[in-house]
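Okay, query_18.pdb now, which holds PDB, C-alpha atoms:
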ATOM      1  CA  MET A 190      80.993 -18.679 112.081
ATOM      2  CA  PRO A 191      84.348 -18.190 113.816
ATOM      3  CA  VAL A 192      85.037 -19.244 117.364
ATOM      4  CA  LEU A 193      86.504 -16.985 120.024
ATOM      5  CA  ASN A 194      89.947 -18.124 121.147
ATOM      6  CA  LYS A 195      89.795 -17.229 124.829
ATOM      7  CA  LYS A 196      93.578 -17.241 125.131
ATOM      8  CA  THR A 197      94.139 -14.704 122.396
ATOM      9  CA  SER A 198      90.699 -13.002 122.539
ATOM     10  CA  ALA A 199      90.593 -13.258 118.769
ATOM     11  CA  PHE A 200      88.077 -15.001 116.529
ATOM     12  CA  GLU A 201      89.402 -17.791 114.356
ATOM     13  CA  THR A 202      88.349 -20.725 112.188
ATOM     14  CA  SER A 203      90.248 -23.979 111.936
ATOM     15  CA  ILE A 204      90.951 -25.185 108.385
ATOM     16  CA  PHE A 205      93.197 -27.555 106.439
ATOM     17  CA  CYS A 206      95.105 -26.922 103.241
ATOM     18  CA  ILE A 207      94.018 -29.477 100.673
ATOM     19  CA  SER A 208      96.094 -28.451  97.678
ATOM     20  CA  ASP A 209      97.356 -31.326  95.575
ATOM     21  CA  ILE A 210      95.799 -34.171  97.554
ATOM     22  CA  ARG A 211      93.065 -36.612  96.593
ATOM     23  CA  ASP A 212      89.518 -36.582  97.856
ATOM     24  CA  ASP A 213      90.019 -39.739  99.925
ATOM     25  CA  GLU A 214      93.100 -38.174 101.519
ATOM     26  CA  ILE A 215      91.064 -35.114 102.477
ATOM     27  CA  TRP A 216      88.454 -37.242 104.213
ATOM     28  CA  ALA A 217      91.235 -39.184 105.937
ATOM     29  CA  ILE A 218      92.594 -35.920 107.382
ATOM     30  CA  GLY A 219      89.141 -35.075 108.614
ATOM     31  CA  GLU A 220      88.702 -38.446 110.236
ATOM     32  CA  LYS A 221      92.137 -38.500 111.859
ATOM     33  CA  GLU A 222      92.570 -34.876 112.889
ATOM     34  CA  VAL A 223      89.025 -33.642 113.436
ATOM     35  CA  ALA A 224      86.428 -36.358 114.028
ATOM     36  CA  LYS A 225      88.270 -39.017 116.027
ATOM     37  CA  PRO A 226      89.967 -36.725 118.583
ATOM     38  CA  ARG A 227      86.567 -35.246 119.392
ATOM     39  CA  SER A 228      84.475 -38.402 119.079
ATOM     40  CA  LEU A 229      82.297 -36.591 116.581
ATOM     41  CA  ARG A 230      81.077 -37.381 113.089
ATOM     42  CA  ILE A 231      81.745 -35.342 109.989
ATOM     43  CA  HIS A 232      78.698 -34.675 107.863
ATOM     44  CA  GLY A 233      80.454 -32.701 105.196
ATOM     45  CA  ARG A 234      83.067 -30.119 104.364
ATOM     46  CA  GLY A 235      83.365 -26.778 102.643
ATOM     47  CA  ASP A 236      86.174 -26.198 100.133
ATOM     48  CA  PHE A 237      87.233 -22.680  99.188
ATOM     49  CA  LEU A 238      90.202 -20.879  97.706
ATOM     50  CA  ALA A 239      92.653 -18.953  99.833
ATOM     51  CA  GLN A 240      92.038 -16.000  97.503
ATOM     52  CA  THR A 241      88.417 -15.877  98.689
ATOM     53  CA  ILE A 242      89.636 -15.393 102.244
ATOM     54  CA  ASN A 243      92.156 -12.746 101.240
ATOM     55  CA  ASP A 244      89.581 -10.853  99.184
ATOM     56  CA  LEU A 245      87.460 -10.453 102.316
ATOM     57  CA  GLY A 246      90.332  -8.946 104.263
ATOM     58  CA  LEU A 247      90.843 -12.107 106.294
ATOM     59  CA  THR A 248      94.131 -13.962 106.674
ATOM     60  CA  ILE A 249      95.119 -17.607 106.559
ATOM     61  CA  ASP A 250      97.640 -18.314 109.285
ATOM     62  CA  PRO A 251      99.276 -21.717 108.759
ATOM     63  CA  ASP A 252     100.643 -23.451 111.841
ATOM     64  CA  ASN A 253     100.952 -27.003 110.445
ATOM     65  CA  THR A 254      99.937 -28.429 113.780
ATOM     66  CA  PRO A 255      98.791 -30.996 112.753
ATOM     67  CA  PRO A 256     100.238 -31.089 109.201
ATOM     68  CA  ARG A 257      98.353 -28.868 106.731
ATOM     69  CA  HIS A 258      96.446 -27.111 109.520
ATOM     70  CA  ALA A 259      95.858 -23.367 109.455
ATOM     71  CA  LYS A 260      93.501 -20.809 110.932
ATOM     72  CA  ILE A 261      91.461 -18.070 109.368
ATOM     73  CA  ILE A 262      92.099 -14.956 111.434
ATOM     74  CA  GLY A 263      91.238 -11.302 111.181
ATOM     75  CA  TRP A 264      87.505 -11.760 111.651
ATOM     76  CA  SER A 265      85.545  -8.713 112.726
ATOM     77  CA  ASN A 266      84.705  -8.464 116.418
ATOM     78  CA  LYS A 267      81.129  -7.535 115.489
ATOM     79  CA  LYS A 268      78.838 -10.507 115.133
ATOM     80  CA  SER A 269      76.799  -9.064 112.278
ATOM     81  CA  GLU A 270      79.994  -8.445 110.285
ATOM     82  CA  GLN A 271      81.186 -11.985 111.039
ATOM     83  CA  LYS A 272      77.896 -13.328 109.681
ATOM     84  CA  LEU A 273      78.362 -11.292 106.520
ATOM     85  CA  GLN A 274      81.952 -12.471 106.092
ATOM     86  CA  ALA A 275      80.850 -16.081 106.525
ATOM     87  CA  GLN A 276      78.056 -15.588 103.979
ATOM     88  CA  GLU A 277      80.547 -14.140 101.497
ATOM     89  CA  ILE A 278      82.841 -17.162 101.867
ATOM     90  CA  ALA A 279      79.944 -19.550 101.372
ATOM     91  CA  ALA A 280      78.619 -17.604  98.389
ATOM     92  CA  ALA A 281      81.917 -17.359  96.490
ATOM     93  CA  LYS A 282      81.673 -18.981  93.052
ATOM     94  CA  THR A 283      84.648 -21.213  93.738
ATOM     95  CA  THR A 284      83.356 -22.442  97.098
ATOM     96  CA  LYS A 285      81.809 -25.876  97.130
ATOM     97  CA  PHE A 286      80.214 -28.032  99.777
ATOM     98  CA  VAL A 287      80.768 -31.782  99.802
ATOM     99  CA  ALA A 288      78.744 -34.309 101.775
ATOM    100  CA  SER A 289      80.620 -36.997 103.661
ATOM    101  CA  PRO A 290      80.794 -40.300 101.800
ATOM    102  CA  GLN A 291      80.036 -42.037 105.096
ATOM    103  CA  LYS A 292      76.438 -43.107 105.629
ATOM    104  CA  LEU A 293      74.825 -41.309 108.566
TER     105      LEU A 293
ATOM    106  CA  MET B   8      96.167 -22.678  97.669
ATOM    107  CA  GLN B   9      92.896 -24.355  98.321
ATOM    108  CA  ALA B  10      91.779 -24.630 101.875
ATOM    109  CA  ASN B  11      88.778 -26.206 103.423
ATOM    110  CA  VAL B  12      86.759 -26.313 106.554
ATOM    111  CA  LEU B  13      85.564 -29.541 107.952
ATOM    112  CA  THR B  14      82.192 -29.304 109.552
ATOM    113  CA  LEU B  15      81.126 -31.502 112.385
ATOM    114  CA  THR B  16      78.018 -32.654 113.960
ATOM    115  CA  GLN B  17      77.589 -34.394 117.214
ATOM    116  CA  THR B  18      76.139 -37.829 117.430
ATOM    117  CA  SER B  19      73.039 -37.374 119.520
ATOM    118  CA  PHE B  20      70.865 -39.836 121.353
ATOM    119  CA  PRO B  21      67.087 -39.489 121.738
ATOM    120  CA  ILE B  22      66.280 -37.612 124.943
ATOM    121  CA  ASP B  23      64.525 -40.650 126.489
ATOM    122  CA  TYR B  24      67.880 -42.428 126.406
ATOM    123  CA  PHE B  25      69.043 -40.021 129.062
ATOM    124  CA  ASP B  26      65.810 -40.509 131.006
ATOM    125  CA  ARG B  27      66.543 -44.198 131.293
ATOM    126  CA  ALA B  28      70.049 -43.361 132.540
ATOM    127  CA  TRP B  29      68.507 -41.438 135.493
ATOM    128  CA  SER B  30      71.737 -39.514 136.176
ATOM    129  CA  ASP B  31      71.488 -36.187 138.000
ATOM    130  CA  GLU B  32      72.917 -34.429 134.964
ATOM    131  CA  ALA B  33      70.434 -36.069 132.603
ATOM    132  CA  ARG B  34      67.519 -35.239 134.887
ATOM    133  CA  LYS B  35      68.593 -31.590 135.101
ATOM    134  CA  LEU B  36      68.919 -31.374 131.328
ATOM    135  CA  ARG B  37      65.416 -32.764 130.949
ATOM    136  CA  GLU B  38      64.007 -30.265 133.461
ATOM    137  CA  ASN B  39      65.680 -27.344 131.693
ATOM    138  CA  GLU B  40      64.452 -28.566 128.336
ATOM    139  CA  ASN B  41      60.862 -28.699 129.610
ATOM    140  CA  LYS B  42      61.140 -25.166 130.960
ATOM    141  CA  VAL B  43      62.400 -23.840 127.637
ATOM    142  CA  PHE B  44      60.050 -25.617 125.249
ATOM    143  CA  ASP B  45      56.891 -25.531 127.331
ATOM    144  CA  HIS B  46      57.318 -21.968 128.463
ATOM    145  CA  ASP B  47      54.010 -20.843 126.985
ATOM    146  CA  PRO B  48      51.709 -23.869 126.962
ATOM    147  CA  SER B  49      48.528 -21.789 126.977
ATOM    148  CA  ILE B  50      48.909 -20.727 123.355
ATOM    149  CA  SER B  51      47.227 -22.842 120.730
ATOM    150  CA  LEU B  52      49.943 -23.946 118.316
ATOM    151  CA  GLY B  53      49.504 -24.025 114.572
ATOM    152  CA  GLU B  54      51.218 -26.695 112.525
ATOM    153  CA  ARG B  55      53.712 -24.191 111.152
ATOM    154  CA  TYR B  56      54.813 -23.117 114.591
ATOM    155  CA  LYS B  57      55.018 -26.746 115.710
ATOM    156  CA  GLU B  58      57.332 -27.491 112.792
ATOM    157  CA  ALA B  59      59.571 -24.569 113.774
ATOM    158  CA  LYS B  60      59.540 -25.605 117.400
ATOM    159  CA  ASN B  61      60.560 -29.163 116.484
ATOM    160  CA  ALA B  62      63.455 -27.901 114.378
ATOM    161  CA  LEU B  63      64.552 -25.650 117.236
ATOM    162  CA  HIS B  64      64.318 -28.575 119.601
ATOM    163  CA  CYS B  65      66.635 -30.649 117.384
ATOM    164  CA  ALA B  66      69.222 -27.861 117.335
ATOM    165  CA  TYR B  67      68.872 -27.458 121.086
ATOM    166  CA  GLU B  68      69.442 -31.164 121.756
ATOM    167  CA  GLU B  69      72.672 -31.256 119.759
ATOM    168  CA  THR B  70      74.219 -28.271 121.520
ATOM    169  CA  LEU B  71      73.412 -28.811 125.167
ATOM    170  CA  LYS B  72      77.004 -29.097 126.317
ATOM    171  CA  ASP B  73      79.991 -26.786 125.997
ATOM    172  CA  ASP B  74      82.363 -27.681 123.156
ATOM    173  CA  TRP B  75      79.527 -29.389 121.242
ATOM    174  CA  ASP B  76      81.390 -28.754 117.992
ATOM    175  CA  GLY B  77      84.789 -29.868 119.218
ATOM    176  CA  TYR B  78      86.198 -26.372 118.692
ATOM    177  CA  GLY B  79      85.204 -24.741 121.971
ATOM    178  CA  ALA B  80      81.668 -23.703 121.080
ATOM    179  CA  GLU B  81      79.526 -22.603 123.999
ATOM    180  CA  ARG B  82      76.432 -24.546 124.917
ATOM    181  CA  VAL B  83      73.133 -23.285 123.583
ATOM    182  CA  GLN B  84      71.694 -20.417 125.586
ATOM    183  CA  GLU B  85      68.253 -21.416 126.835
ATOM    184  CA  ALA B  86      67.177 -17.794 126.986
ATOM    185  CA  SER B  87      68.175 -17.484 123.329
ATOM    186  CA  VAL B  88      65.957 -20.470 122.543
ATOM    187  CA  ALA B  89      63.044 -18.770 124.315
ATOM    188  CA  GLN B  90      63.645 -15.560 122.365
ATOM    189  CA  ALA B  91      63.771 -17.579 119.127
ATOM    190  CA  LEU B  92      60.455 -19.232 119.940
ATOM    191  CA  ASP B  93      58.850 -15.830 120.447
ATOM    192  CA  PHE B  94      60.411 -14.565 117.205
ATOM    193  CA  LEU B  95      59.136 -17.567 115.240
ATOM    194  CA  LYS B  96      55.623 -17.078 116.613
ATOM    195  CA  LEU B  97      55.608 -13.561 115.160
ATOM    196  CA  LEU B  98      57.084 -14.497 111.782
ATOM    197  CA  PRO B  99      54.612 -13.609 109.014
ATOM    198  CA  THR B 100      53.074 -16.676 107.410
ATOM    199  CA  THR B 101      54.140 -15.317 104.021
ATOM    200  CA  VAL B 102      57.762 -15.955 105.017
ATOM    201  CA  PRO B 103      59.023 -19.550 104.830
ATOM    202  CA  LEU B 104      60.379 -21.110 107.991
ATOM    203  CA  PRO B 105      64.141 -20.634 108.331
ATOM    204  CA  GLU B 106      66.949 -23.114 108.734
ATOM    205  CA  ILE B 107      67.696 -23.212 112.451
ATOM    206  CA  SER B 108      71.157 -23.698 113.919
ATOM    207  CA  VAL B 109      73.256 -22.680 116.908
ATOM    208  CA  ASP B 110      76.228 -20.319 116.668
ATOM    209  CA  PRO B 111      79.511 -21.084 118.443
ATOM    210  CA  ASP B 112      78.586 -18.452 121.058
ATOM    211  CA  GLY B 113      75.406 -20.349 121.923
ATOM    212  CA  GLU B 114      72.965 -18.023 120.160
ATOM    213  CA  ILE B 115      70.213 -19.351 117.931
ATOM    214  CA  SER B 116      70.657 -18.545 114.255
ATOM    215  CA  LEU B 117      67.810 -18.387 111.739
ATOM    216  CA  THR B 118      68.758 -18.451 108.051
ATOM    217  CA  TRP B 119      66.677 -18.000 104.930
ATOM    218  CA  GLN B 120      68.445 -18.814 101.682
ATOM    219  CA  ARG B 121      67.219 -18.970  98.119
ATOM    220  CA  GLU B 122      70.592 -18.972  96.338
ATOM    221  CA  PRO B 123      74.212 -18.511  97.484
ATOM    222  CA  ARG B 124      73.909 -14.731  97.014
ATOM    223  CA  LEU B 125      70.302 -14.456  98.143
ATOM    224  CA  VAL B 126      70.544 -15.157 101.843
ATOM    225  CA  PHE B 127      69.474 -13.474 105.058
ATOM    226  CA  SER B 128      70.317 -14.615 108.566
ATOM    227  CA  VAL B 129      69.474 -13.448 112.074
ATOM    228  CA  SER B 130      71.151 -14.526 115.301
ATOM    229  CA  ILE B 131      69.173 -14.027 118.486
ATOM    230  CA  SER B 132      70.900 -13.418 121.809
ATOM    231  CA  LYS B 133      69.509 -14.326 125.210
ATOM    232  CA  ASP B 134      68.706 -10.648 125.722
ATOM    233  CA  GLY B 135      66.826 -10.278 122.441
ATOM    234  CA  VAL B 136      69.625  -8.608 120.495
ATOM    235  CA  LEU B 137      69.290  -9.491 116.816
ATOM    236  CA  SER B 138      72.519  -9.598 114.791
ATOM    237  CA  TYR B 139      71.652  -9.878 111.122
ATOM    238  CA  ALA B 140      73.424 -10.085 107.779
ATOM    239  CA  GLY B 141      72.329 -10.661 104.222
ATOM    240  CA  LEU B 142      73.429 -10.898 100.615
ATOM    241  CA  PHE B 143      71.107  -9.713  97.859
ATOM    242  CA  GLY B 144      73.099 -10.279  94.693
ATOM    243  CA  ARG B 145      75.738  -7.584  94.679
ATOM    244  CA  SER B 146      74.137  -5.777  97.604
ATOM    245  CA  LYS B 147      74.803  -6.673 101.193
ATOM    246  CA  THR B 148      73.587  -5.623 104.613
ATOM    247  CA  HIS B 149      74.362  -6.228 108.246
ATOM    248  CA  GLY B 150      73.498  -4.678 111.585
ATOM    249  CA  VAL B 151      71.932  -5.022 114.993
ATOM    250  CA  GLU B 152      68.348  -4.566 116.173
ATOM    251  CA  ASP B 153      66.488  -5.121 119.412
ATOM    252  CA  PHE B 154      63.703  -7.654 119.571
ATOM    253  CA  ILE B 155      61.079  -6.114 121.840
ATOM    254  CA  GLN B 156      57.610  -7.667 121.453
ATOM    255  CA  THR B 157      57.615  -7.250 117.660
ATOM    256  CA  ILE B 158      60.017  -8.193 114.875
ATOM    257  CA  PRO B 159      61.837  -4.973 113.869
ATOM    258  CA  LYS B 160      60.891  -3.482 110.530
ATOM    259  CA  THR B 161      64.499  -3.770 109.341
ATOM    260  CA  ILE B 162      64.228  -7.551 109.667
ATOM    261  CA  THR B 163      60.845  -7.869 107.960
ATOM    262  CA  ASP B 164      61.965  -5.490 105.195
ATOM    263  CA  ASN B 165      65.014  -7.637 104.506
ATOM    264  CA  LEU B 166      62.912 -10.801 104.465
ATOM    265  CA  GLN B 167      60.513  -9.159 102.052
ATOM    266  CA  ARG B 168      63.459  -8.101  99.899
ATOM    267  CA  LEU B 169      64.828 -11.645  99.920
ATOM    268  CA  TYR B 170      61.602 -13.137  98.640
ATOM    269  CA  SER B 171      60.720 -10.403  96.191
ATOM    270  CA  THR B 172      64.120 -10.409  94.455
ATOM    271  CA  LYS B 173      64.019 -12.260  91.163
TER     272      LYS B 173
END

Would you write out, as structure tokens, the structure that this file holds?
Amino acid sequence: MPVLNKKTSAFETSIFCISDIRDDEIWAIGEKEVAKPRSLRIHGRGDFLAQTINDLGLTIDPDNTPPRHAKIIGWSNKKSEQKLQAQEIAAAKTTKFVASPQKL
Amino acid sequence: MQANVLTLTQTSFPIDYFDRAWSDEARKLRENENKVFDHDPSISLGERYKEAKNALHCAYEETLKDDWDGYGAERVQEASVAQALDFLKLLPTTVPLPEISVDPDGEISLTWQREPRLVFSVSISKDGVLSYAGLFGRSKTHGVEDFIQTIPKTITDNLQRLYSTK
């Protein structure tokens, strides 16, 4: 589900572009840019194609801060529609979920 | 371009860890937790309901503070937890227990999934507003219902559809 950005009053989801990089490099991005700054642990990740986002009428807005970072924007303001959009992303044939190689 | 979302979870300590700490904040959290999860102690609990309550308790513990996901998520709404407990009590026994999680806005989310495109989910607000969405193969649905003493027919119909679809 997206998170409300209180500054912009828009819903968004933080993502990273992982084109052309290895699996260990992806996890390294997660550790450096996501887990460590928040003192949290990553249990897994979801990989999907940009086309899946576009097909749902959403937009990927790259800001490269940090490198490879982008946001999914254009979410509906209605929660039930957001849930449906999120289900569609998860259900896309090209979407896959990967468990963290770290032991919990 | 392939993009991905990294999901997080928060490392959580057992609640008695906070008891031993004896801080004012920890004591208040414990008091609130007791109010939410023991709000109807007179009812005799079946094993199924106990299982659901335990799962809800786990979700509750991991989302007690604002920004529990590191992306600005709001803390779990205790009134939403209470509404979810009432909802789960009324869930027909023919329906499996859902996966329980907390949305970034603090609402409790209940999800039933058989396959990627056979899924139905309901989020419950502190005021009993049910936001639901589902995929049934090529079909899809979403909407809002009020939870007032009984589970709305729209919700039970969608659950029945989910588990009768081959």

Using the chain letters and numbers from the file, which residues does the ChimeraX specification (/B :<6) & /A grab, as an mmCIF file with C-alpha atoms, in the frame of the given file?
data_model
loop_
_atom_site.group_PDB
_atom_site.id
_atom_site.type_symbol
_atom_site.label_atom_id
_atom_site.label_comp_id
_atom_site.auth_asym_id
_atom_site.auth_seq_id
_atom_site.Cartn_x
_atom_site.Cartn_y
_atom_site.Cartn_z
ATOM 1 C CA VAL A 192 85.037 -19.244 117.364
ATOM 2 C CA ILE A 204 90.951 -25.185 108.385
ATOM 3 C CA PHE A 205 93.197 -27.555 106.439
ATOM 4 C CA CYS A 206 95.105 -26.922 103.241
ATOM 5 C CA ILE A 207 94.018 -29.477 100.673
ATOM 6 C CA SER A 208 96.094 -28.451 97.678
ATOM 7 C CA ARG A 227 86.567 -35.246 119.392
ATOM 8 C CA LEU A 229 82.297 -36.591 116.581
ATOM 9 C CA ARG A 230 81.077 -37.381 113.089
ATOM 10 C CA ILE A 231 81.745 -35.342 109.989
ATOM 11 C CA GLY A 233 80.454 -32.701 105.196
ATOM 12 C CA ARG A 234 83.067 -30.119 104.364
ATOM 13 C CA GLY A 235 83.365 -26.778 102.643
ATOM 14 C CA ASP A 236 86.174 -26.198 100.133
ATOM 15 C CA PHE A 237 87.233 -22.680 99.188
ATOM 16 C CA LEU A 238 90.202 -20.879 97.706
ATOM 17 C CA ALA A 239 92.653 -18.953 99.833
ATOM 18 C CA SER A 269 76.799 -9.064 112.278
ATOM 19 C CA LYS A 272 77.896 -13.328 109.681
ATOM 20 C CA LEU A 273 78.362 -11.292 106.520
ATOM 21 C CA ALA A 280 78.619 -17.604 98.389
#

Padding 6 Å on each side, edges along x, y and z: where is the centre of the box around the listed atoms of stretch 254-267 of chain A, and how long are its edges in Å to one decimal? Output it as AutoDock Vina command-line options.
--center_x 90.7 --center_y -19.3 --center_z 111.6 --size_x 31.1 --size_y 35.6 --size_z 21.7

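Computed from the coordinates, the atom CA of B:Glu114 to atom CA of A:Lys285 distance equals 25.9 Å.
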
Open item on the list: On this structure, the PyMOL selection byres ((chain B and resi 105) around 6) would catch which residues? List them as a list in words, sorted by chain and number.
Closed with: Leu104, Glu106, Leu117, Thr118 and Trp119 of chain B

Open item on the list: Would you compute the distance between atom CA of A:Ser289 and atom CA of A:Ile261? Give it in Å to one decimal.
Closed with: 22.5 Å
